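input.tsv (TSV, C-alpha atoms) appears below.
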chain	number	residue	atom	x	y	z
Y	11	MET	CA	106.87	20.65	124.25
Y	12	LEU	CA	110.24	22.32	124.36
Y	13	ASN	CA	110.86	21.54	120.69
Y	14	ASP	CA	107.81	23.58	119.71
Y	15	GLN	CA	109.38	26.65	121.30
Y	16	LEU	CA	112.67	26.38	119.42
Y	17	GLU	CA	112.94	28.10	116.08
Y	18	PRO	CA	115.58	27.25	113.44
Y	19	PRO	CA	117.97	30.03	112.44
Y	20	SER	CA	116.53	32.28	109.77
Y	21	ASP	CA	119.80	32.53	107.79
Y	22	THR	CA	121.84	29.34	107.54
Y	23	SER	CA	124.26	30.62	104.87
Y	24	LYS	CA	126.67	31.96	107.48
Y	25	PHE	CA	127.03	28.61	109.17
Y	26	LYS	CA	130.03	26.60	107.92
Y	27	TYR	CA	129.93	22.85	108.05
Y	28	ASP	CA	132.84	20.44	107.94
Y	29	GLY	CA	133.90	19.82	104.36
Y	30	PHE	CA	134.37	16.13	105.08
Y	31	LEU	CA	130.58	15.81	105.42
Y	32	GLU	CA	130.07	16.93	101.83
Y	33	ALA	CA	129.53	14.43	99.07
Y	34	PRO	CA	132.47	14.00	96.65
Y	35	SER	CA	132.33	16.28	93.62
Y	36	THR	CA	131.50	14.58	90.32
Y	37	THR	CA	130.17	17.35	88.07
Y	38	GLU	CA	132.09	18.59	85.04
Y	39	GLU	CA	132.30	22.09	86.47
Y	40	ASP	CA	134.39	20.91	89.41
Y	41	THR	CA	137.99	22.08	89.65
Y	42	SER	CA	140.70	19.46	89.28
Y	43	PHE	CA	143.95	19.68	91.19
Y	44	GLN	CA	147.39	18.64	90.02
Y	45	ARG	CA	149.35	16.49	92.43
Y	46	ALA	CA	152.44	18.33	93.71
Y	47	THR	CA	155.80	16.66	93.09
Y	48	ALA	CA	159.13	17.07	94.86
Y	49	SER	CA	162.58	15.73	94.08
Y	50	TYR	CA	165.01	14.63	96.77
Y	51	THR	CA	168.29	12.81	97.21
Y	52	LEU	CA	168.75	9.95	99.63
Y	53	LYS	CA	171.69	10.56	101.98
Y	54	ASP	CA	171.17	7.77	104.46
Y	55	ASP	CA	174.10	5.58	103.40
Y	56	GLN	CA	176.26	7.00	106.18
Y	57	PHE	CA	173.82	5.62	108.75
Y	58	ARG	CA	173.60	2.09	107.33
Y	59	ILE	CA	175.48	-0.64	109.17
Y	60	ASN	CA	176.74	-3.18	106.67
Y	61	ASN	CA	179.09	-5.17	108.90
Y	62	ARG	CA	178.04	-5.50	112.51
Y	63	SER	CA	180.87	-5.83	115.00
Y	64	TYR	CA	180.51	-6.24	118.73
Y	65	GLN	CA	184.22	-6.01	119.54
Y	66	SER	CA	184.34	-2.22	119.99
Y	67	GLN	CA	183.40	-0.46	123.20
Y	68	TYR	CA	181.55	2.81	123.67
Y	69	ALA	CA	184.71	4.54	124.88
Y	70	ASN	CA	185.94	4.97	121.30
Y	71	ILE	CA	182.70	6.67	120.34
Y	72	TYR	CA	182.94	9.07	123.27
Y	73	PHE	CA	186.57	9.96	122.48
Y	74	ALA	CA	185.72	10.53	118.80
Y	75	ARG	CA	182.85	12.81	119.82
Y	76	LEU	CA	185.13	14.69	122.19
Y	77	ARG	CA	187.75	15.24	119.48
Y	78	SER	CA	185.06	16.43	117.09
Y	79	LEU	CA	183.39	18.89	119.48
Y	80	ALA	CA	186.36	20.05	121.55
Y	81	GLY	CA	187.14	22.86	119.11
Y	82	ALA	CA	183.60	24.21	119.28
Y	83	VAL	CA	183.62	24.07	123.08
Y	84	ARG	CA	186.98	25.87	123.24
Y	85	GLY	CA	185.51	28.57	121.03
Y	86	GLN	CA	182.70	29.06	123.55
Y	87	VAL	CA	185.26	29.24	126.36
Y	88	ALA	CA	187.26	31.92	124.56
Y	89	THR	CA	184.09	33.98	124.04
Y	90	ARG	CA	182.56	33.61	127.49
Y	91	TRP	CA	185.63	33.36	129.71
Y	92	PRO	CA	188.51	35.14	127.94
Y	93	GLY	CA	191.86	34.76	129.64
Y	94	LEU	CA	191.05	31.64	131.66
Y	95	PRO	CA	193.46	28.77	130.95
Y	96	ILE	CA	192.16	25.46	129.58
Y	97	VAL	CA	194.01	22.57	131.22
Y	98	ASN	CA	193.89	18.79	131.02
Y	99	ILE	CA	192.24	16.96	133.88
Y	100	LEU	CA	195.54	15.40	134.98
Y	101	GLU	CA	197.00	18.91	135.44
Y	102	ILE	CA	194.18	20.22	137.62
Y	103	GLY	CA	195.55	18.55	140.75
Y	104	SER	CA	198.65	20.75	140.57
Y	105	LYS	CA	196.53	23.92	140.27
Y	106	GLU	CA	194.51	23.55	143.44
Y	107	GLY	CA	192.68	26.77	144.30
Y	108	GLU	CA	193.28	28.34	140.86
Y	109	GLU	CA	190.35	29.07	138.57
Y	110	VAL	CA	190.74	27.02	135.40
Y	111	VAL	CA	188.65	25.46	132.64
Y	112	ALA	CA	188.47	21.78	131.71
Y	113	VAL	CA	186.90	20.27	128.59
Y	114	GLY	CA	185.69	16.69	128.54
Y	115	THR	CA	182.88	14.18	128.24
Y	116	LEU	CA	180.31	13.90	131.00
Y	117	TYR	CA	179.58	10.62	132.77
Y	118	LYS	CA	176.57	10.37	135.05
Y	119	ASP	CA	177.02	7.89	137.88
Y	120	MET	CA	173.58	6.45	138.70
Y	121	LYS	CA	173.55	4.00	141.59
Y	122	LEU	CA	170.06	2.72	140.69
Y	123	LYS	CA	170.84	2.11	137.02
Y	124	PRO	CA	170.94	-1.65	136.35
Y	125	SER	CA	174.12	-3.16	134.97
Y	126	ILE	CA	174.07	-5.62	132.09
Y	127	MET	CA	176.46	-7.83	134.06
Y	128	ASP	CA	173.97	-8.07	136.91
Y	129	GLU	CA	171.65	-10.12	134.69
Y	130	TYR	CA	174.08	-13.01	135.05
Y	131	THR	CA	174.74	-12.63	138.76
Y	132	LYS	CA	171.35	-11.66	140.18
Y	133	ASP	CA	167.83	-12.99	140.00
Y	134	ARG	CA	166.60	-12.58	136.43
Y	135	GLY	CA	163.07	-12.36	137.74
Y	136	LEU	CA	163.83	-8.79	138.81
Y	137	LYS	CA	164.17	-7.71	135.19
Y	138	HIS	CA	160.42	-7.33	134.66
Y	139	ALA	CA	159.95	-5.67	138.03
Y	140	LEU	CA	162.53	-3.02	137.13
Y	141	ALA	CA	161.13	-2.34	133.66
Y	142	SER	CA	159.15	0.76	134.71
Y	143	THR	CA	161.38	1.94	137.55
Y	144	ASN	CA	162.80	5.44	137.67
Y	145	PHE	CA	166.57	5.06	137.95
Y	146	CYS	CA	167.22	8.72	138.82
Y	147	ASP	CA	168.02	9.51	142.41
Y	148	ASP	CA	169.29	12.38	144.52
Y	149	SER	CA	172.53	10.44	144.99
Y	150	ASP	CA	173.42	10.70	141.27
Y	151	SER	CA	176.82	12.30	140.69
Y	152	LEU	CA	178.75	13.66	137.71
Y	153	VAL	CA	182.22	12.85	136.41
Y	154	LEU	CA	184.12	14.65	133.64
Y	155	GLU	CA	186.75	12.77	131.66
Y	156	ASP	CA	189.10	13.53	128.80
Y	157	GLU	CA	191.74	11.47	126.97
Y	158	GLY	CA	194.02	11.43	130.03
Y	159	GLY	CA	191.91	11.23	133.16
Y	160	ARG	CA	188.65	11.86	134.97
Y	161	MET	CA	187.47	13.87	137.95
Y	162	ALA	CA	184.30	14.28	139.99
Y	163	ILE	CA	182.53	17.60	139.47
Y	164	GLN	CA	179.94	19.28	141.64
Y	165	GLY	CA	178.30	22.66	141.99
Y	166	SER	CA	174.92	24.34	142.26
Y	167	CYS	CA	175.07	25.38	138.59
Y	168	LEU	CA	175.04	21.73	137.44
Y	169	PRO	CA	171.50	20.46	136.68
Y	170	VAL	CA	172.31	16.87	137.65
Y	171	HIS	CA	168.87	15.45	136.82
Y	172	GLU	CA	168.86	17.10	133.37
Y	173	LEU	CA	172.32	15.96	132.25
Y	174	VAL	CA	173.10	12.59	130.66
Y	175	THR	CA	176.19	10.55	129.93
Y	176	GLY	CA	178.02	11.52	126.74
Y	177	VAL	CA	177.56	15.30	126.81
Y	178	VAL	CA	180.68	17.20	125.74
Y	179	MET	CA	181.06	20.33	127.84
Y	180	ALA	CA	183.46	22.77	129.46
Y	181	VAL	CA	183.45	23.49	133.18
Y	182	ARG	CA	184.87	26.52	134.92
Y	183	GLY	CA	185.89	26.31	138.56
Y	184	ARG	CA	188.50	25.35	141.14
Y	185	ALA	CA	189.91	22.08	142.42
Y	186	GLU	CA	188.97	21.30	146.01
Y	187	PRO	CA	191.43	19.84	148.55
Y	188	GLY	CA	189.51	16.55	148.53
Y	189	GLY	CA	190.03	16.08	144.82
Y	190	ASP	CA	186.60	17.20	143.58
Y	191	PHE	CA	186.23	20.07	141.13
Y	192	LEU	CA	183.83	22.81	142.25
Y	193	VAL	CA	182.10	24.16	139.14
Y	194	SER	CA	181.00	27.78	138.94
Y	195	ASP	CA	179.80	27.81	135.31
Y	196	VAL	CA	179.43	25.50	132.30
Y	197	ALA	CA	179.57	25.88	128.52
Y	198	TYR	CA	178.34	23.63	125.73
Y	199	PRO	CA	179.12	23.44	121.99
Y	200	ASP	CA	177.17	25.86	119.88
Y	201	LEU	CA	174.91	24.70	117.06
Y	202	ALA	CA	176.72	23.22	114.10
Y	203	PRO	CA	176.73	25.23	110.85
Y	204	GLN	CA	173.46	24.62	109.07
Y	205	PRO	CA	173.31	24.17	105.28
Y	206	PRO	CA	171.23	26.82	103.52
Y	207	LEU	CA	167.64	25.95	102.82
Y	208	PRO	CA	166.59	25.58	99.18
Y	209	PRO	CA	164.66	28.52	97.73
Y	210	PRO	CA	160.91	28.27	98.33
Y	211	GLY	CA	158.76	27.13	95.44
Y	212	ASP	CA	155.71	28.79	94.01
Y	213	GLN	CA	153.39	26.67	96.15
Y	214	ASP	CA	153.65	25.05	99.55
Y	215	LYS	CA	154.28	21.31	99.58
Y	216	TYR	CA	153.74	18.93	102.44
Y	217	VAL	CA	154.83	15.52	103.67
Y	218	ALA	CA	152.11	13.35	105.21
Y	219	LEU	CA	153.07	11.67	108.51
Y	220	VAL	CA	150.47	9.06	109.47
Y	221	SER	CA	150.40	7.15	112.75
Y	222	GLY	CA	148.00	5.17	114.88
Y	223	LEU	CA	146.76	2.86	112.11
Y	224	HIS	CA	148.43	-0.28	113.56
Y	225	LEU	CA	149.23	-1.62	110.11
Y	226	GLY	CA	150.13	-5.30	110.03
Y	227	LYS	CA	148.48	-6.06	113.37
Y	228	SER	CA	145.26	-7.83	114.22
Y	229	SER	CA	143.99	-4.56	115.72
Y	230	THR	CA	144.22	-2.72	112.40
Y	231	ASP	CA	141.18	-0.50	111.85
Y	232	HIS	CA	140.61	-0.83	108.10
Y	233	PHE	CA	138.04	1.97	108.17
Y	234	LYS	CA	140.66	4.45	109.40
Y	235	VAL	CA	143.13	3.17	106.81
Y	236	GLN	CA	140.59	3.71	104.04
Y	237	LEU	CA	139.82	7.21	105.33
Y	238	ALA	CA	143.51	8.08	105.20
Y	239	ILE	CA	143.81	6.72	101.66
Y	240	ASP	CA	140.71	8.58	100.51
Y	241	PHE	CA	141.96	11.85	101.96
Y	242	LEU	CA	145.48	11.59	100.55
Y	243	THR	CA	144.18	10.68	97.10
Y	244	GLY	CA	141.72	13.57	97.07
Y	245	SER	CA	138.64	11.35	97.11
Y	246	LEU	CA	137.28	12.78	100.35
Y	247	GLY	CA	136.02	16.15	101.41
Y	248	SER	CA	135.28	19.43	99.73
Y	249	ALA	CA	137.38	21.31	97.20
Y	250	GLY	CA	139.40	22.86	100.04
Y	251	GLU	CA	140.41	19.50	101.48
Y	252	GLN	CA	141.10	18.12	98.01
Y	253	GLU	CA	143.41	21.02	97.22
Y	254	LEU	CA	145.24	20.46	100.51
Y	255	ALA	CA	145.63	16.76	99.73
Y	256	SER	CA	147.04	17.59	96.30
Y	257	ARG	CA	149.88	19.49	97.96
Y	258	VAL	CA	151.13	16.32	99.67
Y	259	GLY	CA	154.06	15.76	97.39
Y	260	ALA	CA	154.72	12.63	95.42
Y	261	ARG	CA	158.26	11.50	94.74
Y	262	GLY	CA	159.66	13.11	91.62
Y	263	LYS	CA	162.34	11.76	89.34

Kindly present the structure from the file in structure tokens form.
Amino acid sequence: MLNDQLEPPSDTSKFKYDGFLEAPSTTEEDTSFQRATASYTLKDDQFRINNRSYQSQYANIYFARLRSLAGAVRGQVATRWPGLPIVNILEIGSKEGEEVVAVGTLYKDMKLKPSIMDEYTKDRGLKHALASTNFCDDSDSLVLEDEGGRMAIQGSCLPVHELVTGVVMAVRGRAEPGGDFLVSDVAYPDLAPQPPLPPPGDQDKYVALVSGLHLGKSSTDHFKVQLAIDFLTGSLGSAGEQELASRVGARGK
């Protein structure tokens, strides 16, 4: 009885429906869209590993990163803390009580973090039990090291739980009698110079990033795959969706 009391809207022209529910256009009066093209240059050779070697240790990577970013960090020190001396870690012990700056690579000592060597000395059955464990703890501590030495650092300005091993940074503070370095402020490298963006074209172009299709697996949903293909090829939706799909660039020569 309730349906008899409901009246349909008198003017349905103002209601907009999803263009994907429309039938594909096939009449001669329909507008055709030209597929957008974009040219690009592959620059991924520097990231390809041709000869794998397992003889090197991570220490060389950390020292190379420190040498590369030390200049940028020193520039931040000169801007933020002008006049403060930058000293090597081995020299800090002789400047106890003096406010100095040290530049180095951060190491985060995590007592709960499993060691690869423990897999050969402890029960391997623990490996699966530790797979989802949080290895962060309030006992985590920080160490700063450069080419000549290392020292423990502490201070309320250090976000211990947010920092990770490998960060290149500068610390300002004083050496404590016990050997620790009490940090009062920190500085990080600024952003690297960014290459200029190419001038914008006459029309926006897009890159399609598709996920969740589980391609190559037994759980692949072929209906979703076909929907993605139909949309990207302009075979689905109204003229608005087809125009959007035409702006997904194809590789140009």

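Residue nearest Gly183 in chain Y, chosen from Y:Leu254, Y:Leu122, Y:Leu168, Y:Val217 and counting all atoms listed in the file: Y:Leu168.
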
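Among the candidate residues Y:Lys121, Y:His232, Y:Arg257, Y:His171, the one lying nearest to Gln213 in chain Y is Y:Arg257, with distances computed using all atoms listed in the file.
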
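Straight-line separation from CA of Gly259 in chain Y to CA of Gln56 in chain Y: 25.4 Å.
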
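CA of Gly188 in chain Y sits 11.5 Å away from CA of Gly107 in chain Y.
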
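CA of Glu101 in chain Y is positioned 21.9 Å from CA of Ser151 in chain Y.
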
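Near range 189-193 of chain Y, within a cut-off of 8 Å and counting all atoms listed in the file, sit the residues Gly103, Met161, Ala162, Ile163, Gln164, Gly165, Ser166, Cys167, Leu168, Val181, Arg182 and Gly183 of chain Y, with same-chain residues fewer than 6 positions away left out.
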
For C-alpha atoms, I'd like the residues from the last selection saved as a PDB file, keeping the file's coordinate frame.
ATOM      1  CA  GLY Y 103     195.550  18.550 140.750  1.00  0.00           C
ATOM      2  CA  MET Y 161     187.470  13.870 137.950  1.00  0.00           C
ATOM      3  CA  ALA Y 162     184.300  14.280 139.990  1.00  0.00           C
ATOM      4  CA  ILE Y 163     182.530  17.600 139.470  1.00  0.00           C
ATOM      5  CA  GLN Y 164     179.940  19.280 141.640  1.00  0.00           C
ATOM      6  CA  GLY Y 165     178.300  22.660 141.990  1.00  0.00           C
ATOM      7  CA  SER Y 166     174.920  24.340 142.260  1.00  0.00           C
ATOM      8  CA  CYS Y 167     175.070  25.380 138.590  1.00  0.00           C
ATOM      9  CA  LEU Y 168     175.040  21.730 137.440  1.00  0.00           C
ATOM     10  CA  VAL Y 181     183.450  23.490 133.180  1.00  0.00           C
ATOM     11  CA  ARG Y 182     184.870  26.520 134.920  1.00  0.00           C
ATOM     12  CA  GLY Y 183     185.890  26.310 138.560  1.00  0.00           C
TER      13      GLY Y 183
END

Which one of Y:Asp156, Y:Glu106, Y:Asp195, Y:Asp119 sits closest to Val87 in chain Y if you count only C-alpha atoms?
-> Y:Asp195

Please provide as a PDB file with C-alpha atoms, in the coordinates of the input all residues within 12 Å of range 41-55 of chain Y, with the sequence filter that same-chain residues fewer than 5 positions apart are discarded (counting only C-alpha atoms).
ATOM      1  CA  SER Y  35     132.330  16.280  93.620  1.00  0.00           C
ATOM      2  CA  THR Y  36     131.500  14.580  90.320  1.00  0.00           C
ATOM      3  CA  ASN Y  60     176.740  -3.180 106.670  1.00  0.00           C
ATOM      4  CA  PRO Y 208     166.590  25.580  99.180  1.00  0.00           C
ATOM      5  CA  PRO Y 210     160.910  28.270  98.330  1.00  0.00           C
ATOM      6  CA  GLY Y 211     158.760  27.130  95.440  1.00  0.00           C
ATOM      7  CA  ASP Y 212     155.710  28.790  94.010  1.00  0.00           C
ATOM      8  CA  GLN Y 213     153.390  26.670  96.150  1.00  0.00           C
ATOM      9  CA  ASP Y 214     153.650  25.050  99.550  1.00  0.00           C
ATOM     10  CA  LYS Y 215     154.280  21.310  99.580  1.00  0.00           C
ATOM     11  CA  TYR Y 216     153.740  18.930 102.440  1.00  0.00           C
ATOM     12  CA  VAL Y 217     154.830  15.520 103.670  1.00  0.00           C
ATOM     13  CA  LEU Y 242     145.480  11.590 100.550  1.00  0.00           C
ATOM     14  CA  THR Y 243     144.180  10.680  97.100  1.00  0.00           C
ATOM     15  CA  GLY Y 244     141.720  13.570  97.070  1.00  0.00           C
ATOM     16  CA  SER Y 245     138.640  11.350  97.110  1.00  0.00           C
ATOM     17  CA  SER Y 248     135.280  19.430  99.730  1.00  0.00           C
ATOM     18  CA  ALA Y 249     137.380  21.310  97.200  1.00  0.00           C
ATOM     19  CA  GLY Y 250     139.400  22.860 100.040  1.00  0.00           C
ATOM     20  CA  GLU Y 251     140.410  19.500 101.480  1.00  0.00           C
ATOM     21  CA  GLN Y 252     141.100  18.120  98.010  1.00  0.00           C
ATOM     22  CA  GLU Y 253     143.410  21.020  97.220  1.00  0.00           C
ATOM     23  CA  LEU Y 254     145.240  20.460 100.510  1.00  0.00           C
ATOM     24  CA  ALA Y 255     145.630  16.760  99.730  1.00  0.00           C
ATOM     25  CA  SER Y 256     147.040  17.590  96.300  1.00  0.00           C
ATOM     26  CA  ARG Y 257     149.880  19.490  97.960  1.00  0.00           C
ATOM     27  CA  VAL Y 258     151.130  16.320  99.670  1.00  0.00           C
ATOM     28  CA  GLY Y 259     154.060  15.760  97.390  1.00  0.00           C
ATOM     29  CA  ALA Y 260     154.720  12.630  95.420  1.00  0.00           C
ATOM     30  CA  ARG Y 261     158.260  11.500  94.740  1.00  0.00           C
ATOM     31  CA  GLY Y 262     159.660  13.110  91.620  1.00  0.00           C
ATOM     32  CA  LYS Y 263     162.340  11.760  89.340  1.00  0.00           C
TER      33      LYS Y 263
END

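Residues in contact with Leu154 in chain Y at 6 Å, where only C-alpha atoms are counted and same-chain residues fewer than 4 positions away are skipped, are listed as Gly114, Thr115, Leu116, Arg160 and Met161 of chain Y.
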